[in-house]
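This report concerns only the one structure given below.
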Amino acid sequence: MDWYVRGIIIYGDNDVTRSVSLGPGVNIITGDSKTGKSALIPIIDYCLGAKEYEVPVGVIREFARWYAILLQTKEGQIFLARKAPGQRLASSLMHIIIEQEVQIPQITDLSGNSNRNAVVEELSRRLGMMDWSLAKSVYDTSYTEPPTARNVVSFLFQPQNVIANKDILFYKTDQERHREHRQRLQRIFPFVLGAIDAEYFSLKNELETVQRTLRQLERSLREQEALLSGGITVAWSLWDKAVALGLANEATNDTLDLAALRIRLTALVESAGFEPTREPIIVGDPERVGILRGRSRDLRNEITILRRQLASAEELSKEANQFIGTLNLQAGRLRTVNLMEEAPDKSYACPVCNQRLNGIVQNVEHLRAVNNEVRTQLADMTTASPALSNHINQLRSQIAERRAQLVIIESGLAELYQIQENAVSANATWAEQQRHLGAIRFYLERVPETRNDSIDLQVRAAEGRQRVKDLEETLAGYDAEDRLQSAIGIIAQIMTTLSKRLNLEDQEAGLRLDINRLTVIRDSSTGNPERLYEIGSGENWVGYHLCALFALHSFFSRRGSPVPSFLFLDQPSQIYFPEEKPSSVEGTENKQTDWEAVQRMYDMIFATVEDLDNRLQVVVVDHADLNNPRFQHAVRIRWRNGSALI
């Protein structure tokens, strides 16, 4: 698809903008590190509807309020602007203008007249994406959506972390972050390579629909044949069960044929209609059940609380009795202190020897005080003990009272539960009657009265088989697999030719694309397939990336595939890191060899674009600044000596 990028615009505050103008053919943007070169790919991808906002953090994010690109197509120009998300992960707000020649708007004119999904849908339609899904069958629920413009961005960009990566060949196809995009790219390859098209998918979907309908018809035919063969037996079985369930009053004469039985069964169903033969039985007082359940629950809670209080009171009574015993023991020990009598001079004499006790009067007074305190506590505990016993008796009485109430309530609930059980049994009979009436209706609807009634199904099934046969023959004529292998073979030839231009190692080895694993395979002279991640040397990794992408775009251009015709390359010379012109470099022989490899790489780019009559736009951002006329003529911007994107 002859689409290319005419310009990149970044809108900042106060109507300040930064722009990059591009044209068809080869465009080179050369400059120092940290000048904004590597931000161009995520900016364009963001404007094309990427889910993620991957513009590097720093001055560009701080400056930008809107990002925009101008696309040139055969029909005219498409202006796509997308709002910078600020602190969010991404913004869905977009502004789109489609005109023969777009006048670049000011930031104040960017009202956001569309959103990401609508823009992707519009781009997909203009690229000629089909309306059919990528699903392999009606049972493939993983890819129910048609392909979109987002599915082909892997062919448009080779950022710095991909172009020299031996494990990843295409943009956004790493297993960890972009597993879904990788899987959809694998699915879309046959479509973009022309092995299948919208008509193929239309016929394929029709075939699956007809096959599904045919299977249903054949199943119905088998059911009818089986039912007809045992029709009289089934009819008698249905009638007998109807009698057993009380739907029919009496048994039928055993001599009736199938037609007569069908009449009886039809009359039975019509008399019952589609309303229940009787309403299901419901318990008369469900509110009463709820009340009793609530009261039972409350009584059980009250009994639990009273039991805890009783246990605490009994434990307290036990401890009180132990304390009274201890006090009685202490009182008995202190009783002897009363034998000491106080003399008129406030002195005490020994009650045994009548000797005066000088110096220990205070101890006698203390013992008497303790004795009095013990007797007081003993009197208090003796008084409190009957009250505690009375409290315990009250708690036991309350528990017994609530237990009696609980017995009465549980008895009432048991009676209501029995009523409910009887009602359930009656409802089960009613439900069984309804199921059997449904079985009779199903039998009458599915079983024809005579074998002639199945002729219509047989005719429709025969027509379905013929349509399946016609569609299968038409699809077989597409030779989709052969066409796919032919396309891969053509791409392999282009890749091999390009690898020779780059002077990559093992010149006699053939290269081919593995669209299932999304990698490059080198068929070595030993006969062993060597995948990209098994091949050494950064020069080979970059070279095979370029061979694969340019071969694909060459094929896309010649066939008119729904893939935009531009390719952005970010620092393809990074493995050599030349930053000066060769004429000013004093290097070793290895350095000169590196420059020769870089020169071959650019020669291959120029030659491939010229072979395609400049229908492919290639934008290269690089440190390299080669001193040859063709390279210098292709330089659009030089960001050096303080000059940068922002």
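Chain identifiers are assigned as A, B, and so on, following the order in which chains appear in the structure tokens; residues are numbered from 1 within each chain, and ligands are numbered from 1 in order of appearance.
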(Q) Neighbouring residues of region 50-65 of chain A were defined as those with any atom within 6 Å, considering only C-alpha atoms; residues of the same chain fewer than 3 positions away were excluded. Please report them as a list in words. (A)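 Selected residues are Tyr11, Gly12, Ala39, Pro42, Asp45, Tyr46, Ala84 and Ala90 of chain A.
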Take the residues from that selection and write them out as a short mmCIF file (atom, residue, chain, number, x, y, z; two decimals), in the first residue's frame, keeping N, CA and C atoms.
data_model
loop_
_atom_site.label_atom_id
_atom_site.label_comp_id
_atom_site.auth_asym_id
_atom_site.auth_seq_id
_atom_site.Cartn_x
_atom_site.Cartn_y
_atom_site.Cartn_z
N TYR A 11 3.34 19.16 19.38
CA TYR A 11 2.77 20.42 19.86
C TYR A 11 3.12 20.61 21.33
N GLY A 12 3.67 21.80 21.64
CA GLY A 12 3.94 22.16 23.03
C GLY A 12 3.04 23.29 23.48
N ALA A 39 13.13 8.58 19.65
CA ALA A 39 11.75 8.86 20.05
C ALA A 39 10.80 8.88 18.86
N PRO A 42 8.39 5.49 18.56
CA PRO A 42 7.23 5.45 19.47
C PRO A 42 6.24 6.58 19.26
N ASP A 45 4.16 5.40 16.22
CA ASP A 45 3.34 4.26 16.62
C ASP A 45 2.20 4.71 17.53
N TYR A 46 2.47 5.68 18.40
CA TYR A 46 1.42 6.22 19.28
C TYR A 46 0.32 6.87 18.46
N ALA A 84 -1.18 13.85 24.40
CA ALA A 84 -0.23 13.28 25.36
C ALA A 84 -0.98 12.91 26.63
N ALA A 90 -1.92 6.12 28.86
CA ALA A 90 -2.15 6.49 27.47
C ALA A 90 -3.45 7.28 27.41
#
Give me the region 489-579 of chain A side of the contact with region 590-605 of chain A, cut-off 8 Å, one line per residue showing its nearest atom pair and distance in Å at one decimal, counting only C-alpha atoms, sorted by chain and residue number, as a tab-separated table.
residue	atom	partner	partner_atom	distance
A:Leu498	CA	A:Met604	CA	7.1
A:Arg501	CA	A:Met604	CA	6.3
A:Leu502	CA	A:Arg600	CA	5.7
A:Asn503	CA	A:Arg600	CA	7.9
A:Gly543	CA	A:Met601	CA	7.9
A:Ser573	CA	A:Val598	CA	6.2
A:Tyr576	CA	A:Asp594	CA	6.1
A:Pro578	CA	A:Trp595	CA	7.5
Put those residues in a file: N, CA, C and O atoms, as a tab-separated table (two decimals), in the first residue's frame.
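What ended up in selection.tsv:
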chain	number	residue	atom	x	y	z
A	498	LEU	N	19.89	-10.15	-1.07
A	498	LEU	CA	20.28	-9.02	-0.23
A	498	LEU	C	21.43	-9.38	0.70
A	498	LEU	O	22.30	-8.55	0.98
A	501	ARG	N	24.58	-8.92	-1.08
A	501	ARG	CA	24.95	-7.51	-1.18
A	501	ARG	C	25.61	-7.00	0.10
A	501	ARG	O	26.49	-6.15	0.06
A	502	LEU	N	25.14	-7.56	1.23
A	502	LEU	CA	25.72	-7.16	2.52
A	502	LEU	C	27.00	-7.90	2.84
A	502	LEU	O	27.65	-7.61	3.86
A	503	ASN	N	27.33	-8.89	2.02
A	503	ASN	CA	28.55	-9.68	2.22
A	503	ASN	C	28.55	-10.38	3.58
A	503	ASN	O	29.56	-10.41	4.29
A	543	GLY	N	22.19	-7.66	9.76
A	543	GLY	CA	22.05	-7.96	8.35
A	543	GLY	C	20.81	-8.78	8.04
A	543	GLY	O	20.08	-8.49	7.08
A	573	SER	N	23.63	0.97	12.28
A	573	SER	CA	25.09	0.87	12.38
A	573	SER	C	25.56	0.81	13.83
A	573	SER	O	26.75	1.00	14.09
A	576	TYR	N	28.74	-0.93	15.00
A	576	TYR	CA	30.05	-0.36	14.65
A	576	TYR	C	30.27	0.98	15.33
A	576	TYR	O	31.41	1.40	15.56
A	578	PRO	N	30.06	4.19	14.34
A	578	PRO	CA	30.81	5.29	13.74
A	578	PRO	C	30.08	6.61	13.97
A	578	PRO	O	28.88	6.69	13.79
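Proximity to Leu238 (chain A) was assessed for A:Ser271, A:Ser565, A:Gln433, A:Ser111 counting only C-alpha atoms; the smallest distance is recorded for A:Gln433.
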Q. By how many Å are CA of Asp109 (chain A) and CA of Ser91 (chain A) apart?
A. 17.7 Å
(Q) I'd like the neighbourhood of Glu410 (chain A) as a list in words, where a residue qualifies if any of its atoms comes within 9 Å (using only C-alpha atoms), though same-chain residues fewer than 6 positions away should be ignored. (A) Leu292, Arg293 and Ser296 of chain A
Q: Enumerate, as a list in words, the complete set of residues in region 381-612 of chain A that a backbone-based DSSP assignment places in strand (DSSP E or B).
A: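 In region 381-612 of chain A, DSSP puts these residues in strand (DSSP E or B): Gly510, Leu511, Arg512, Leu513, Asp514, Thr519, Val520, Ile521, Arg522, Asp523, Pro529, Glu530, Arg531, Phe566, Leu567, Phe568, Leu569 and Asp570 of chain A.
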Q. When distances are computed from only C-alpha atoms, which of A:Ser554, A:Gln72, A:Ser643, A:Ser397 shows the smallest separation from Thr608 (chain A)?
A. A:Ser554
**Q.** Contacts of Leu261 (chain A) within 8 Å, only C-alpha atoms, excl. fewer than 5 positions in-chain, as a list in words
**A.**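 Listed by chain and then number, they are Ala235, Trp236 and Leu256 of chain A.
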Q.
I'd like the neighbourhood of Asp298 (chain A) as a count of residues only, where a residue qualifies if any of its atoms comes within 12 Å (using only C-alpha atoms), though same-chain residues fewer than 5 positions away should be ignored.
A. 11
Q.
Env of Ala272 (chain A): 12 Å cut, atoms = only C-alpha atoms, seq-sep filter 6 positions within chain, self excluded. Answer as a list in words.
A.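 My reading of the contact set: Ala242, Leu247, Ala248, Leu265, Thr266, Arg278, Gln433, Gln434, His436, Leu437, Gly438, Ile440 and Arg441 of chain A.
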Can I get the selection written as a tab-separated table (two decimals), in the first residue's frame, with all heavy atoms?
chain	number	residue	atom	x	y	z
A	242	ALA	N	-48.83	-41.61	31.69
A	242	ALA	CA	-49.82	-40.55	31.93
A	242	ALA	C	-50.94	-41.06	32.82
A	242	ALA	O	-51.44	-40.36	33.71
A	242	ALA	CB	-50.37	-40.05	30.59
A	247	LEU	N	-52.90	-38.23	34.90
A	247	LEU	CA	-53.24	-37.31	33.83
A	247	LEU	C	-54.37	-37.85	32.96
A	247	LEU	O	-55.10	-37.08	32.32
A	247	LEU	CB	-52.00	-37.03	32.96
A	247	LEU	CG	-50.87	-36.25	33.67
A	247	LEU	CD1	-49.62	-36.24	32.81
A	247	LEU	CD2	-51.31	-34.83	33.97
A	248	ALA	N	-54.46	-39.18	32.86
A	248	ALA	CA	-55.55	-39.84	32.10
A	248	ALA	C	-56.33	-40.72	33.07
A	248	ALA	O	-55.77	-41.31	34.00
A	248	ALA	CB	-54.97	-40.67	30.95
A	265	LEU	N	-53.02	-38.88	22.64
A	265	LEU	CA	-51.97	-38.09	23.29
A	265	LEU	C	-52.13	-36.61	22.98
A	265	LEU	O	-51.91	-35.75	23.85
A	265	LEU	CB	-50.58	-38.58	22.84
A	265	LEU	CG	-50.16	-39.96	23.34
A	265	LEU	CD1	-48.88	-40.41	22.65
A	265	LEU	CD2	-49.94	-39.93	24.86
A	266	THR	N	-52.51	-36.30	21.75
A	266	THR	CA	-52.72	-34.89	21.37
A	266	THR	C	-53.86	-34.29	22.18
A	266	THR	O	-53.77	-33.16	22.68
A	266	THR	CB	-53.01	-34.79	19.87
A	266	THR	OG1	-51.92	-35.34	19.13
A	266	THR	CG2	-53.21	-33.34	19.46
A	278	ARG	N	-52.42	-28.01	38.20
A	278	ARG	CA	-52.84	-27.49	39.50
A	278	ARG	C	-51.69	-26.69	40.09
A	278	ARG	O	-50.52	-26.91	39.75
A	278	ARG	CB	-53.22	-28.63	40.45
A	278	ARG	CG	-52.11	-29.64	40.68
A	278	ARG	CD	-52.57	-30.75	41.59
A	278	ARG	NE	-51.59	-31.81	41.67
A	278	ARG	CZ	-51.79	-32.93	42.35
A	278	ARG	NH1	-52.92	-33.11	43.00
A	278	ARG	NH2	-50.86	-33.87	42.39
A	433	GLN	N	-45.73	-34.52	36.67
A	433	GLN	CA	-46.81	-34.44	35.66
A	433	GLN	C	-46.44	-33.44	34.56
A	433	GLN	O	-46.63	-33.72	33.37
A	433	GLN	CB	-48.12	-34.01	36.34
A	433	GLN	CG	-48.74	-35.08	37.21
A	433	GLN	CD	-49.98	-34.56	37.92
A	433	GLN	OE1	-50.14	-33.35	38.12
A	433	GLN	NE2	-50.86	-35.48	38.30
A	434	GLN	N	-45.90	-32.28	34.96
A	434	GLN	CA	-45.53	-31.28	33.96
A	434	GLN	C	-44.39	-31.78	33.07
A	434	GLN	O	-44.39	-31.53	31.86
A	434	GLN	CB	-45.11	-29.98	34.67
A	434	GLN	CG	-46.18	-29.38	35.57
A	434	GLN	CD	-47.53	-29.32	34.88
A	434	GLN	OE1	-47.66	-28.77	33.79
A	434	GLN	NE2	-48.54	-29.90	35.52
A	436	HIS	N	-43.80	-34.84	32.26
A	436	HIS	CA	-44.32	-35.86	31.34
A	436	HIS	C	-45.14	-35.22	30.22
A	436	HIS	O	-45.08	-35.67	29.06
A	436	HIS	CB	-45.17	-36.87	32.11
A	436	HIS	CG	-45.54	-38.07	31.28
A	436	HIS	ND1	-44.61	-38.93	30.75
A	436	HIS	CD2	-46.75	-38.53	30.85
A	436	HIS	CE1	-45.21	-39.87	30.05
A	436	HIS	NE2	-46.52	-39.65	30.10
A	437	LEU	N	-45.90	-34.20	30.54
A	437	LEU	CA	-46.63	-33.49	29.49
A	437	LEU	C	-45.66	-32.89	28.47
A	437	LEU	O	-45.91	-32.90	27.26
A	437	LEU	CB	-47.50	-32.38	30.10
A	437	LEU	CG	-48.77	-32.84	30.82
A	437	LEU	CD1	-49.40	-31.67	31.57
A	437	LEU	CD2	-49.77	-33.45	29.83
A	438	GLY	N	-44.53	-32.37	28.97
A	438	GLY	CA	-43.51	-31.85	28.06
A	438	GLY	C	-42.93	-32.94	27.18
A	438	GLY	O	-42.66	-32.73	25.99
A	440	ILE	N	-44.47	-35.63	26.17
A	440	ILE	CA	-45.49	-35.96	25.16
A	440	ILE	C	-45.47	-34.92	24.04
A	440	ILE	O	-45.53	-35.25	22.85
A	440	ILE	CB	-46.87	-36.06	25.81
A	440	ILE	CG1	-46.91	-37.24	26.79
A	440	ILE	CG2	-47.95	-36.23	24.75
A	440	ILE	CD1	-48.20	-37.33	27.59
A	441	ARG	N	-45.41	-33.62	24.43
A	441	ARG	CA	-45.36	-32.57	23.41
A	441	ARG	C	-44.13	-32.75	22.51
A	441	ARG	O	-44.22	-32.60	21.29
A	441	ARG	CB	-45.32	-31.19	24.08
A	441	ARG	CG	-46.59	-30.82	24.81
A	441	ARG	CD	-46.53	-29.35	25.24
A	441	ARG	NE	-47.65	-29.02	26.12
A	441	ARG	CZ	-47.57	-28.97	27.43
A	441	ARG	NH1	-46.43	-29.24	28.04
A	441	ARG	NH2	-48.63	-28.67	28.15
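Restricting the calculation to only C-alpha atoms, the smallest distance between Gln485 (chain A) and any of A:Leu388, A:Ile196, A:Leu40, A:Ala149 is found for A:Ile196.
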Q. Which neighbours of region 308-315 of chain A fall inside 10 Å, counting only C-alpha atoms, when residues of the same chain fewer than 2 positions from it are skipped, and could you give them as a PyMOL selection string?
A. chain A and resi 302-306+317-320+388-389+391-396+399
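Take CA of Glu99 (chain A) and CA of Leu80 (chain A): the distance between them is 11.8 Å.
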